[in-house]
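Asks: Below is structure_21.cif; it holds mmCIF, C-alpha atoms.
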```cif
data_final
#
loop_
_atom_site.label_atom_id
_atom_site.label_comp_id
_atom_site.auth_asym_id
_atom_site.auth_seq_id
_atom_site.Cartn_x
_atom_site.Cartn_y
_atom_site.Cartn_z
CA MET P 1 38.94 -69.37 -29.14
CA THR P 2 42.50 -68.98 -27.96
CA ARG P 3 43.43 -68.55 -24.33
CA GLU P 4 44.46 -64.89 -24.86
CA ARG P 5 41.11 -64.01 -26.43
CA ALA P 6 39.25 -65.61 -23.55
CA LEU P 7 41.30 -63.56 -21.10
CA ILE P 8 40.61 -60.33 -23.03
CA LEU P 9 36.90 -61.14 -23.06
CA VAL P 10 36.88 -61.76 -19.32
CA ALA P 11 38.77 -58.50 -18.72
CA LEU P 12 36.32 -56.54 -20.90
CA VAL P 13 33.32 -58.04 -19.12
CA ALA P 14 34.90 -57.14 -15.75
CA ILE P 15 35.58 -53.56 -16.87
CA PHE P 16 32.06 -53.03 -18.27
CA SER P 17 30.51 -54.59 -15.18
CA ALA P 18 32.50 -52.26 -12.92
CA VAL P 19 31.53 -49.20 -14.99
CA ALA P 20 27.88 -50.23 -15.07
CA TRP P 21 27.86 -50.89 -11.33
CA THR P 22 29.39 -47.48 -10.64
CA ALA P 23 27.07 -45.62 -13.00
CA TRP P 24 23.93 -47.48 -11.93
CA PRO P 25 21.62 -45.00 -10.16
CA ARG P 26 21.15 -45.81 -6.51
CA GLU P 27 19.33 -44.26 -3.61
CA ALA P 28 21.53 -41.66 -1.90
CA THR P 29 21.79 -41.89 1.87
CA ALA P 30 20.48 -39.05 4.03
CA ALA P 31 24.04 -37.91 4.80
CA GLU P 32 24.92 -37.86 1.09
CA ARG P 33 21.82 -35.83 0.32
CA VAL P 34 22.63 -33.33 3.09
CA ASP P 35 26.18 -33.03 1.74
CA ARG P 36 24.95 -32.50 -1.81
CA ILE P 37 22.31 -29.91 -0.90
CA THR P 38 24.53 -27.95 1.49
CA SER P 39 27.32 -27.83 -1.08
CA GLU P 40 24.88 -26.22 -3.54
CA LEU P 41 23.55 -23.64 -1.07
CA ARG P 42 25.33 -20.33 -0.47
CA CYS P 43 26.12 -19.30 3.10
CA VAL P 44 24.10 -16.09 3.48
CA THR P 45 26.64 -14.29 5.65
CA CYS P 46 29.81 -15.36 3.79
CA GLN P 47 31.60 -14.36 0.62
CA GLY P 48 31.09 -17.12 -1.94
CA LEU P 49 31.25 -20.06 0.47
CA SER P 50 28.82 -22.94 0.46
CA VAL P 51 26.88 -23.88 3.57
CA LYS P 52 28.86 -27.11 3.68
CA ASP P 53 32.23 -25.33 3.65
CA SER P 54 31.42 -22.41 5.92
CA PRO P 55 32.04 -22.43 9.68
CA ALA P 56 29.70 -19.43 10.18
CA ALA P 57 26.87 -19.78 12.69
CA SER P 58 24.22 -19.03 10.06
CA ALA P 59 25.68 -21.74 7.81
CA ARG P 60 25.52 -24.24 10.69
CA GLN P 61 21.88 -23.30 11.23
CA MET P 62 21.12 -23.72 7.53
CA HIS P 63 22.87 -27.09 7.64
CA ASP P 64 20.73 -28.15 10.60
CA LEU P 65 17.59 -27.06 8.78
CA VAL P 66 18.58 -29.14 5.73
CA VAL P 67 19.21 -32.16 8.00
CA GLN P 68 15.77 -31.71 9.52
CA ARG P 69 14.05 -31.33 6.13
CA VAL P 70 15.75 -34.46 4.78
CA ALA P 71 14.64 -36.37 7.89
CA GLU P 72 11.09 -35.10 7.33
CA GLY P 73 11.16 -36.75 3.90
CA ARG P 74 11.27 -33.63 1.72
CA SER P 75 12.83 -33.89 -1.70
CA ASP P 76 16.03 -32.07 -2.68
CA ASP P 77 14.04 -29.68 -4.87
CA GLN P 78 11.60 -28.89 -2.07
CA ILE P 79 14.47 -28.07 0.28
CA ARG P 80 16.22 -25.88 -2.29
CA ASP P 81 12.94 -24.16 -3.10
CA GLU P 82 12.40 -23.32 0.56
CA PHE P 83 15.64 -21.31 0.59
CA ARG P 84 14.97 -19.88 -2.87
CA ALA P 85 11.61 -18.59 -1.66
CA SER P 86 13.42 -16.48 0.95
CA TYR P 87 16.67 -15.53 -0.78
CA GLY P 88 15.94 -15.99 -4.47
CA ASP P 89 18.21 -17.80 -6.93
CA TRP P 90 21.15 -16.00 -5.29
CA VAL P 91 21.18 -18.63 -2.55
CA LEU P 92 22.13 -21.31 -5.09
CA LEU P 93 25.83 -21.33 -5.93
CA SER P 94 25.01 -22.53 -9.47
CA PRO P 95 22.12 -20.59 -10.99
CA PRO P 96 19.36 -22.90 -12.24
CA ALA P 97 19.24 -23.26 -16.03
CA THR P 98 15.47 -22.79 -16.03
CA SER P 99 15.43 -19.24 -14.62
CA TRP P 100 16.58 -15.91 -16.07
CA SER P 101 19.84 -16.13 -14.17
CA GLY P 102 20.42 -19.44 -15.99
CA LEU P 103 21.17 -17.38 -19.09
CA ILE P 104 24.64 -17.03 -17.61
CA TRP P 105 25.31 -20.56 -18.86
CA LEU P 106 24.94 -19.27 -22.42
CA VAL P 107 27.80 -16.80 -22.01
CA PRO P 108 30.59 -19.34 -22.76
CA LEU P 109 28.69 -20.56 -25.84
CA VAL P 110 28.15 -17.00 -27.07
CA ALA P 111 31.82 -16.17 -26.43
CA LEU P 112 32.89 -19.32 -28.31
CA ALA P 113 30.60 -18.49 -31.25
CA ALA P 114 31.95 -14.91 -31.35
CA GLY P 115 35.54 -16.20 -31.25
CA LEU P 116 34.88 -18.66 -34.07
CA ALA P 117 33.23 -15.90 -36.11
CA VAL P 118 36.30 -13.68 -35.68
CA VAL P 119 38.66 -16.52 -36.66
CA PHE P 120 36.64 -17.50 -39.73
CA GLY P 121 36.25 -13.87 -40.73
CA ARG P 122 40.01 -13.33 -40.62
CA MET P 123 40.70 -16.57 -42.44
CA ARG P 124 38.29 -15.60 -45.22
CA ARG P 125 39.86 -12.18 -45.52
CA ALA P 126 43.35 -13.71 -45.60
CA THR P 127 42.22 -16.05 -48.40
CA SER P 128 40.64 -13.25 -50.33
CA THR P 129 43.85 -11.18 -50.25
CA VAL P 130 45.77 -13.75 -52.36
CA THR P 131 43.23 -13.81 -55.17
CA ALA P 132 44.45 -12.93 -58.67
CA PRO P 133 44.76 -9.21 -59.49
CA PRO P 134 42.46 -7.69 -62.08
CA ALA P 135 43.26 -8.46 -65.76
CA ARG P 136 44.45 -4.93 -66.60
CA GLU P 137 46.81 -4.90 -63.63
CA LEU P 138 48.05 -8.38 -64.53
CA ALA P 139 48.78 -7.37 -68.11
CA ALA P 140 50.72 -4.32 -66.92
CA LEU P 141 52.72 -6.47 -64.51
CA ARG P 142 53.55 -9.00 -67.20
CA GLU P 143 54.64 -6.27 -69.53
CA ARG P 144 56.89 -4.78 -66.84
CA VAL P 145 58.46 -8.15 -66.00
CA ALA P 146 59.15 -8.84 -69.67
CA ARG P 147 60.74 -5.40 -70.07
CA GLU P 148 62.94 -5.84 -67.01
CA GLU P 149 63.94 -9.34 -68.03
CA ALA P 150 64.96 -8.04 -71.44
CA LEU P 151 67.14 -5.42 -69.81
CA ASP P 152 68.65 -7.65 -67.08
CA LEU P 153 69.17 -10.86 -69.02
CA PRO P 154 72.81 -10.34 -70.15
CA GLN P 155 73.97 -9.22 -66.70
CA THR P 156 72.21 -12.08 -64.95
CA ASP P 157 73.71 -14.63 -67.31
CA GLY P 158 77.12 -13.08 -66.78
CA ALA P 159 76.82 -13.22 -63.02
CA GLU P 160 76.08 -16.91 -63.11
CA MET E 1 35.62 -8.41 -38.18
CA PRO E 2 32.11 -8.98 -39.60
CA ARG E 3 29.72 -6.08 -39.31
CA TRP E 4 27.17 -8.08 -37.29
CA LEU E 5 29.86 -8.96 -34.75
CA ARG E 6 30.88 -5.33 -34.36
CA TYR E 7 27.25 -4.38 -33.80
CA GLY E 8 26.91 -7.29 -31.38
CA ILE E 9 29.88 -6.14 -29.30
CA VAL E 10 28.62 -2.54 -29.21
CA PHE E 11 25.14 -3.77 -28.24
CA GLY E 12 26.61 -6.02 -25.52
CA ILE E 13 28.68 -3.22 -24.00
CA ALA E 14 25.72 -0.82 -24.14
CA THR E 15 23.49 -3.39 -22.39
CA LEU E 16 26.11 -3.94 -19.71
CA VAL E 17 26.43 -0.19 -19.08
CA VAL E 18 22.63 0.23 -18.85
CA VAL E 19 22.32 -2.70 -16.42
CA LEU E 20 25.14 -1.32 -14.26
CA MET E 21 23.64 2.18 -14.24
CA LEU E 22 20.23 0.81 -13.23
CA SER E 23 21.90 -1.25 -10.48
CA PHE E 24 23.71 1.77 -9.10
CA ARG E 25 20.43 3.67 -8.92
CA ARG E 26 18.86 1.06 -6.65
CA ASP E 27 18.71 1.71 -2.94
CA PRO E 28 20.94 -0.90 -1.28
CA HIS E 29 18.70 -0.78 1.81
CA ASP E 30 15.70 -1.88 -0.22
CA ILE E 31 16.47 -5.22 -1.82
CA ARG E 32 13.23 -6.56 -3.22
CA THR E 33 14.24 -10.16 -3.54
CA GLY E 34 12.67 -13.18 -1.97
CA THR E 35 9.95 -12.49 0.49
CA VAL E 36 8.74 -8.95 -0.28
CA GLY E 37 5.24 -9.05 -1.75
CA LYS E 38 4.59 -12.51 -0.35
CA PRO E 39 2.68 -13.61 2.77
CA ALA E 40 4.73 -13.18 5.93
CA ALA E 41 5.94 -16.51 7.29
CA ALA E 42 4.02 -17.54 10.39
CA PHE E 43 6.06 -18.20 13.50
CA THR E 44 5.74 -18.86 17.19
CA ALA E 45 8.78 -18.17 19.34
CA ASP E 46 9.80 -17.80 22.99
CA ARG E 47 9.66 -14.33 24.48
CA ILE E 48 12.92 -13.16 26.02
CA GLU E 49 11.15 -11.17 28.73
CA GLY E 50 8.85 -13.24 30.90
CA ALA E 51 7.46 -16.62 30.05
CA GLY E 52 5.42 -17.79 27.14
CA THR E 53 5.51 -17.54 23.41
CA LEU E 54 4.51 -15.01 20.81
CA SER E 55 2.87 -15.82 17.47
CA LEU E 56 2.71 -13.56 14.47
CA SER E 57 -0.91 -14.60 14.05
CA ASP E 58 -1.72 -12.74 17.30
CA TYR E 59 -1.23 -9.53 15.31
CA ALA E 60 -3.48 -10.31 12.34
CA GLY E 61 -5.08 -7.18 10.91
CA LYS E 62 -2.36 -4.90 12.28
CA VAL E 63 0.65 -3.28 10.72
CA VAL E 64 3.64 -5.23 12.03
CA VAL E 65 7.19 -3.93 12.14
CA LEU E 66 9.53 -6.88 12.46
CA ASN E 67 13.03 -5.90 13.54
CA PHE E 68 15.92 -8.39 13.51
CA PHE E 69 18.70 -7.34 15.88
CA ALA E 70 21.53 -8.59 18.07
CA SER E 71 23.37 -7.17 21.07
CA TRP E 72 26.72 -7.64 19.26
CA CYS E 73 25.57 -5.53 16.32
CA PRO E 74 26.66 -1.83 16.49
CA PRO E 75 24.28 -0.67 13.69
CA CYS E 76 21.41 -2.14 15.72
CA LYS E 77 22.36 0.14 18.62
CA GLU E 78 22.62 3.01 16.14
CA GLU E 79 19.06 2.57 14.85
CA ASN E 80 17.51 1.79 18.24
CA PRO E 81 16.65 5.42 19.28
CA ALA E 82 14.63 5.83 16.06
CA LEU E 83 12.77 2.58 16.74
CA VAL E 84 12.02 3.68 20.31
CA ARG E 85 10.68 7.08 19.20
CA VAL E 86 8.47 5.60 16.48
CA TRP E 87 7.23 2.87 18.84
CA GLU E 88 6.20 5.52 21.38
CA ARG E 89 4.35 7.36 18.62
CA TYR E 90 2.31 4.33 17.47
CA ARG E 91 2.18 2.02 20.48
CA THR E 92 -1.45 2.81 21.30
CA SER E 93 -2.58 2.37 17.71
CA ASP E 94 -2.92 -0.46 15.23
CA VAL E 95 0.82 -0.81 14.82
CA ALA E 96 2.80 -3.61 16.46
CA PHE E 97 6.55 -3.90 16.83
CA ILE E 98 8.21 -7.28 17.27
CA GLY E 99 11.92 -7.69 17.92
CA ILE E 100 13.62 -10.88 16.73
CA VAL E 101 16.93 -11.81 18.34
CA TYR E 102 19.36 -12.85 15.60
CA GLN E 103 22.17 -15.24 16.58
CA ASP E 104 22.55 -14.01 20.10
CA SER E 105 22.05 -15.45 23.57
CA THR E 106 18.83 -14.70 25.38
CA ASP E 107 20.72 -13.27 28.35
CA LYS E 108 22.68 -10.78 26.25
CA ALA E 109 19.60 -9.84 24.24
CA ARG E 110 17.64 -9.26 27.46
CA GLU E 111 20.43 -7.08 28.80
CA TYR E 112 20.41 -5.13 25.50
CA VAL E 113 16.66 -4.48 25.45
CA ARG E 114 16.69 -3.34 29.07
CA ALA E 115 19.63 -1.01 28.52
CA ASN E 116 18.23 0.49 25.33
CA GLY E 117 14.61 1.10 26.27
CA VAL E 118 13.10 -1.60 24.08
CA THR E 119 9.61 -2.17 25.44
CA TRP E 120 7.99 -3.93 22.49
CA PRO E 121 7.76 -7.71 22.59
CA THR E 122 10.93 -9.50 21.64
CA VAL E 123 11.44 -13.17 20.81
CA GLN E 124 14.41 -15.48 20.43
CA ASP E 125 15.20 -17.06 17.04
CA GLY E 126 17.56 -19.66 18.46
CA ASP E 127 17.72 -21.99 15.47
CA GLY E 128 17.54 -19.23 12.83
CA ARG E 129 14.31 -20.56 11.30
CA ILE E 130 12.51 -17.20 11.43
CA SER E 131 15.50 -15.43 9.85
CA PHE E 132 15.69 -17.99 7.03
CA ALA E 133 11.95 -17.80 6.42
CA TYR E 134 12.22 -14.03 5.94
CA GLY E 135 15.48 -14.11 3.98
CA VAL E 136 17.56 -12.20 6.52
CA PHE E 137 21.21 -11.62 5.55
CA GLY E 138 22.27 -10.07 8.86
CA PRO E 139 21.12 -7.58 11.48
CA PRO E 140 19.72 -5.04 11.53
CA GLU E 141 16.90 -5.78 9.10
CA THR E 142 13.37 -4.46 9.35
CA TYR E 143 10.29 -5.87 7.65
CA PHE E 144 6.95 -4.13 7.24
CA ILE E 145 3.97 -6.44 7.22
CA GLY E 146 0.64 -5.04 6.13
CA PRO E 147 -2.71 -5.80 7.82
CA ASP E 148 -3.32 -8.28 4.99
CA GLY E 149 -0.33 -10.32 6.19
CA ILE E 150 1.77 -9.50 3.12
CA ILE E 151 5.36 -8.29 3.50
CA ALA E 152 5.14 -4.81 2.02
CA GLY E 153 8.74 -3.74 2.48
CA ARG E 154 12.13 -4.55 3.84
CA HIS E 155 14.97 -2.34 5.02
CA ILE E 156 18.49 -3.67 5.25
CA GLY E 157 20.83 -1.87 7.64
CA PRO E 158 20.10 0.78 10.28
CA ILE E 159 16.75 2.44 9.72
CA ASP E 160 15.85 6.05 10.50
CA GLU E 161 12.71 7.62 11.91
CA ALA E 162 11.47 9.10 8.62
CA THR E 163 11.75 5.77 6.78
CA LEU E 164 9.90 4.00 9.58
CA ILE E 165 7.06 6.54 9.68
CA THR E 166 6.69 6.63 5.89
CA ALA E 167 6.53 2.84 5.66
CA ILE E 168 4.08 2.50 8.57
CA ASP E 169 1.77 5.29 7.37
CA SER E 170 1.64 3.83 3.88
CA LEU E 171 0.22 0.63 5.39
CA ARG E 172 -2.02 2.06 8.13
CA PRO E 173 -5.02 3.09 5.98
CA ARG E 174 -5.55 -0.60 5.35
CA ALA E 175 -5.33 -1.59 9.00
CA THR E 176 -8.27 -2.10 11.38
CA ARG E 177 -8.04 0.78 13.79
#
```
Show the structure stored in the file as structure tokens.
Replies:
Amino acid sequence: MTRERALILVALVAIFSAVAWTAWPREATAAERVDRITSELRCVTCQGLSVKDSPAASARQMHDLVVQRVAEGRSDDQIRDEFRASYGDWVLLSPPATSWSGLIWLVPLVALAAGLAVVFGRMRRATSTVTAPPARELAALRERVAREEALDLPQTDGAE
Amino acid sequence: MPRWLRYGIVFGIATLVVVLMLSFRRDPHDIRTGTVGKPAAAFTADRIEGAGTLSLSDYAGKVVVLNFFASWCPPCKEENPALVRVWERYRTSDVAFIGIVYQDSTDKAREYVRANGVTWPTVQDGDGRISFAYGVFGPPETYFIGPDGIIAGRHIGPIDEATLITAIDSLRPRATR
């Protein structure tokens, strides 16, 4: 093995180790869990702000409640479900995929499928428009071209 | 455009229009999300007048009108005369009123209840836990709890006398008189 190959191998091992270390699941700290949960919860007195981002008093109280629930050892789902029980799925900034409101996630897929259908439909129509004309029409065209060529031939030759 | 896609677009627009029309027909004061139809969350909180605490469980078997209010909330002041009149009408019966102070200081809330003739028991929700448990968006909000402990209805915004009486009377036949 040459020296360059050994260096490349070492570099690849370092890169894969770093990626694996980063991606390896680890236990989130309490503060990280509070941050994650509060960034997913909607402030109930604000317009589209998360509890984490809102300075409103109600958002601060919700934040404090999340801190307390995390300290009590409740799971993220249990904490989210406590707010969902009172406010419904509305309180989650991203609707859960498992509920009816989760159907919203299908909208981009449906829109993409509809767009593709329109594009393919137009392409097929464009292809079908250049198909050969019917035999009778073709024969008439050929006859007309031959007639016109017979008439125009001397002039065309003269022009050239 | 393929025929199925044209039909799909027409169907989608029609569905959207129907959903919007149904939404417009709904009473914005009566949002039936979250806690309506479920057992009322138990709570124990400090009274703002006098010492001691109040627990919802003290009112088991009664119709309970839970009113979230704040002294800084003009619509709360607007609805207060209706609450006072209806309270006077039912105060000797099986109906209980409980005021819940929403994001307000105890001193200001006390001043408010004294100035506005609120004589039903009122408690402080200092950390917002009662409000969150009931799914309160902001004051005023009124909840009607049946004698079975289930939240039968919810009114968002200032409430009037007729709405209060209708809601209470619909629950009273089930109460222990």
Asks: Can you list what the PyMOL selection byres ((chain E) within 12 of (chain P)) grabs from this structure, as JSON, numbers by chain?
Replies: {"E": [1, 2, 3, 4, 5, 6, 7, 8, 9, 12, 31, 32, 33, 34, 35, 36, 37, 38, 39, 40, 41, 102, 103, 104, 125, 126, 127, 128, 129, 130, 131, 132, 133, 134, 135, 136, 137, 138, 139, 151]}
Asks: Those same residues - C-alpha atoms - I'd like them written as a compact mmCIF listing (two decimals), in the frame of the given file.
Replies:
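Contents of result_26.txt, freshly written:
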```txt
# COMPACT_ATOMS: atom_id res chain seq x y z
CA MET E 1 35.62 -8.41 -38.18
CA PRO E 2 32.11 -8.98 -39.60
CA ARG E 3 29.72 -6.08 -39.31
CA TRP E 4 27.17 -8.08 -37.29
CA LEU E 5 29.86 -8.96 -34.75
CA ARG E 6 30.88 -5.33 -34.36
CA TYR E 7 27.25 -4.38 -33.80
CA GLY E 8 26.91 -7.29 -31.38
CA ILE E 9 29.88 -6.14 -29.30
CA GLY E 12 26.61 -6.02 -25.52
CA ILE E 31 16.47 -5.22 -1.82
CA ARG E 32 13.23 -6.56 -3.22
CA THR E 33 14.24 -10.16 -3.54
CA GLY E 34 12.67 -13.18 -1.97
CA THR E 35 9.95 -12.49 0.49
CA VAL E 36 8.74 -8.95 -0.28
CA GLY E 37 5.24 -9.05 -1.75
CA LYS E 38 4.59 -12.51 -0.35
CA PRO E 39 2.68 -13.61 2.77
CA ALA E 40 4.73 -13.18 5.93
CA ALA E 41 5.94 -16.51 7.29
CA TYR E 102 19.36 -12.85 15.60
CA GLN E 103 22.17 -15.24 16.58
CA ASP E 104 22.55 -14.01 20.10
CA ASP E 125 15.20 -17.06 17.04
CA GLY E 126 17.56 -19.66 18.46
CA ASP E 127 17.72 -21.99 15.47
CA GLY E 128 17.54 -19.23 12.83
CA ARG E 129 14.31 -20.56 11.30
CA ILE E 130 12.51 -17.20 11.43
CA SER E 131 15.50 -15.43 9.85
CA PHE E 132 15.69 -17.99 7.03
CA ALA E 133 11.95 -17.80 6.42
CA TYR E 134 12.22 -14.03 5.94
CA GLY E 135 15.48 -14.11 3.98
CA VAL E 136 17.56 -12.20 6.52
CA PHE E 137 21.21 -11.62 5.55
CA GLY E 138 22.27 -10.07 8.86
CA PRO E 139 21.12 -7.58 11.48
CA ILE E 151 5.36 -8.29 3.50
```
Asks: Taking the file above as input, evaluate the PyMOL selection byres ((chain P and resi 71-79) around 12) and report the hits as an NGL selection string.
Replies: :P and (28-38 or 40-41 or 62-70 or 80-86 or 91-92 or 96)
Asks: Using only C-alpha atoms, please write the residues we just selected to a file, as a PDB file, in the coordinates of the input.
Replies:
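What follows is the written file selection-v4.pdb:
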```
ATOM      1  CA  ALA P  28      21.530 -41.660  -1.900  1.00  0.00           C
ATOM      2  CA  THR P  29      21.790 -41.890   1.870  1.00  0.00           C
ATOM      3  CA  ALA P  30      20.480 -39.050   4.030  1.00  0.00           C
ATOM      4  CA  ALA P  31      24.040 -37.910   4.800  1.00  0.00           C
ATOM      5  CA  GLU P  32      24.920 -37.860   1.090  1.00  0.00           C
ATOM      6  CA  ARG P  33      21.820 -35.830   0.320  1.00  0.00           C
ATOM      7  CA  VAL P  34      22.630 -33.330   3.090  1.00  0.00           C
ATOM      8  CA  ASP P  35      26.180 -33.030   1.740  1.00  0.00           C
ATOM      9  CA  ARG P  36      24.950 -32.500  -1.810  1.00  0.00           C
ATOM     10  CA  ILE P  37      22.310 -29.910  -0.900  1.00  0.00           C
ATOM     11  CA  THR P  38      24.530 -27.950   1.490  1.00  0.00           C
ATOM     12  CA  GLU P  40      24.880 -26.220  -3.540  1.00  0.00           C
ATOM     13  CA  LEU P  41      23.550 -23.640  -1.070  1.00  0.00           C
ATOM     14  CA  MET P  62      21.120 -23.720   7.530  1.00  0.00           C
ATOM     15  CA  HIS P  63      22.870 -27.090   7.640  1.00  0.00           C
ATOM     16  CA  ASP P  64      20.730 -28.150  10.600  1.00  0.00           C
ATOM     17  CA  LEU P  65      17.590 -27.060   8.780  1.00  0.00           C
ATOM     18  CA  VAL P  66      18.580 -29.140   5.730  1.00  0.00           C
ATOM     19  CA  VAL P  67      19.210 -32.160   8.000  1.00  0.00           C
ATOM     20  CA  GLN P  68      15.770 -31.710   9.520  1.00  0.00           C
ATOM     21  CA  ARG P  69      14.050 -31.330   6.130  1.00  0.00           C
ATOM     22  CA  VAL P  70      15.750 -34.460   4.780  1.00  0.00           C
ATOM     23  CA  ARG P  80      16.220 -25.880  -2.290  1.00  0.00           C
ATOM     24  CA  ASP P  81      12.940 -24.160  -3.100  1.00  0.00           C
ATOM     25  CA  GLU P  82      12.400 -23.320   0.560  1.00  0.00           C
ATOM     26  CA  PHE P  83      15.640 -21.310   0.590  1.00  0.00           C
ATOM     27  CA  ARG P  84      14.970 -19.880  -2.870  1.00  0.00           C
ATOM     28  CA  ALA P  85      11.610 -18.590  -1.660  1.00  0.00           C
ATOM     29  CA  SER P  86      13.420 -16.480   0.950  1.00  0.00           C
ATOM     30  CA  VAL P  91      21.180 -18.630  -2.550  1.00  0.00           C
ATOM     31  CA  LEU P  92      22.130 -21.310  -5.090  1.00  0.00           C
ATOM     32  CA  PRO P  96      19.360 -22.900 -12.240  1.00  0.00           C
TER      33      PRO P  96
END
```
Asks: Under the rule that all atoms listed in the file are counted, which of E:Thr15, E:Thr122, E:Ser57, E:Thr163 is the nearest residue to E:Ile98?
Replies: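 Of the candidates, the smallest distance to E:Ile98 is held by E:Thr122.
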Asks: List, as number ranges by chain, every residue that the PyMOL selection byres ((chain E and resi 75) around 12) selects in the file provided.
Replies: E: 68-74, 76-82, 138-141, 156-160
Asks: Would you write out those residues with C-alpha atoms, as a compact mmCIF listing (two decimals), in the frame of the given file?
Replies:
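Everything below was put into again.txt:
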```txt
# COMPACT_ATOMS: atom_id res chain seq x y z
CA PHE E 68 15.92 -8.39 13.51
CA PHE E 69 18.70 -7.34 15.88
CA ALA E 70 21.53 -8.59 18.07
CA SER E 71 23.37 -7.17 21.07
CA TRP E 72 26.72 -7.64 19.26
CA CYS E 73 25.57 -5.53 16.32
CA PRO E 74 26.66 -1.83 16.49
CA CYS E 76 21.41 -2.14 15.72
CA LYS E 77 22.36 0.14 18.62
CA GLU E 78 22.62 3.01 16.14
CA GLU E 79 19.06 2.57 14.85
CA ASN E 80 17.51 1.79 18.24
CA PRO E 81 16.65 5.42 19.28
CA ALA E 82 14.63 5.83 16.06
CA GLY E 138 22.27 -10.07 8.86
CA PRO E 139 21.12 -7.58 11.48
CA PRO E 140 19.72 -5.04 11.53
CA GLU E 141 16.90 -5.78 9.10
CA ILE E 156 18.49 -3.67 5.25
CA GLY E 157 20.83 -1.87 7.64
CA PRO E 158 20.10 0.78 10.28
CA ILE E 159 16.75 2.44 9.72
CA ASP E 160 15.85 6.05 10.50
```
Asks: Work out how far atom CA of E:Ile150 is from atom CA of P:Pro95, in Å to one decimal.
Replies: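 These atoms are spaced 27.1 Å apart.
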Asks: Between atom CA of E:Tyr143 and atom CA of E:Thr106, measure the distance and give it in Å to one decimal.
Replies: 21.6 Å
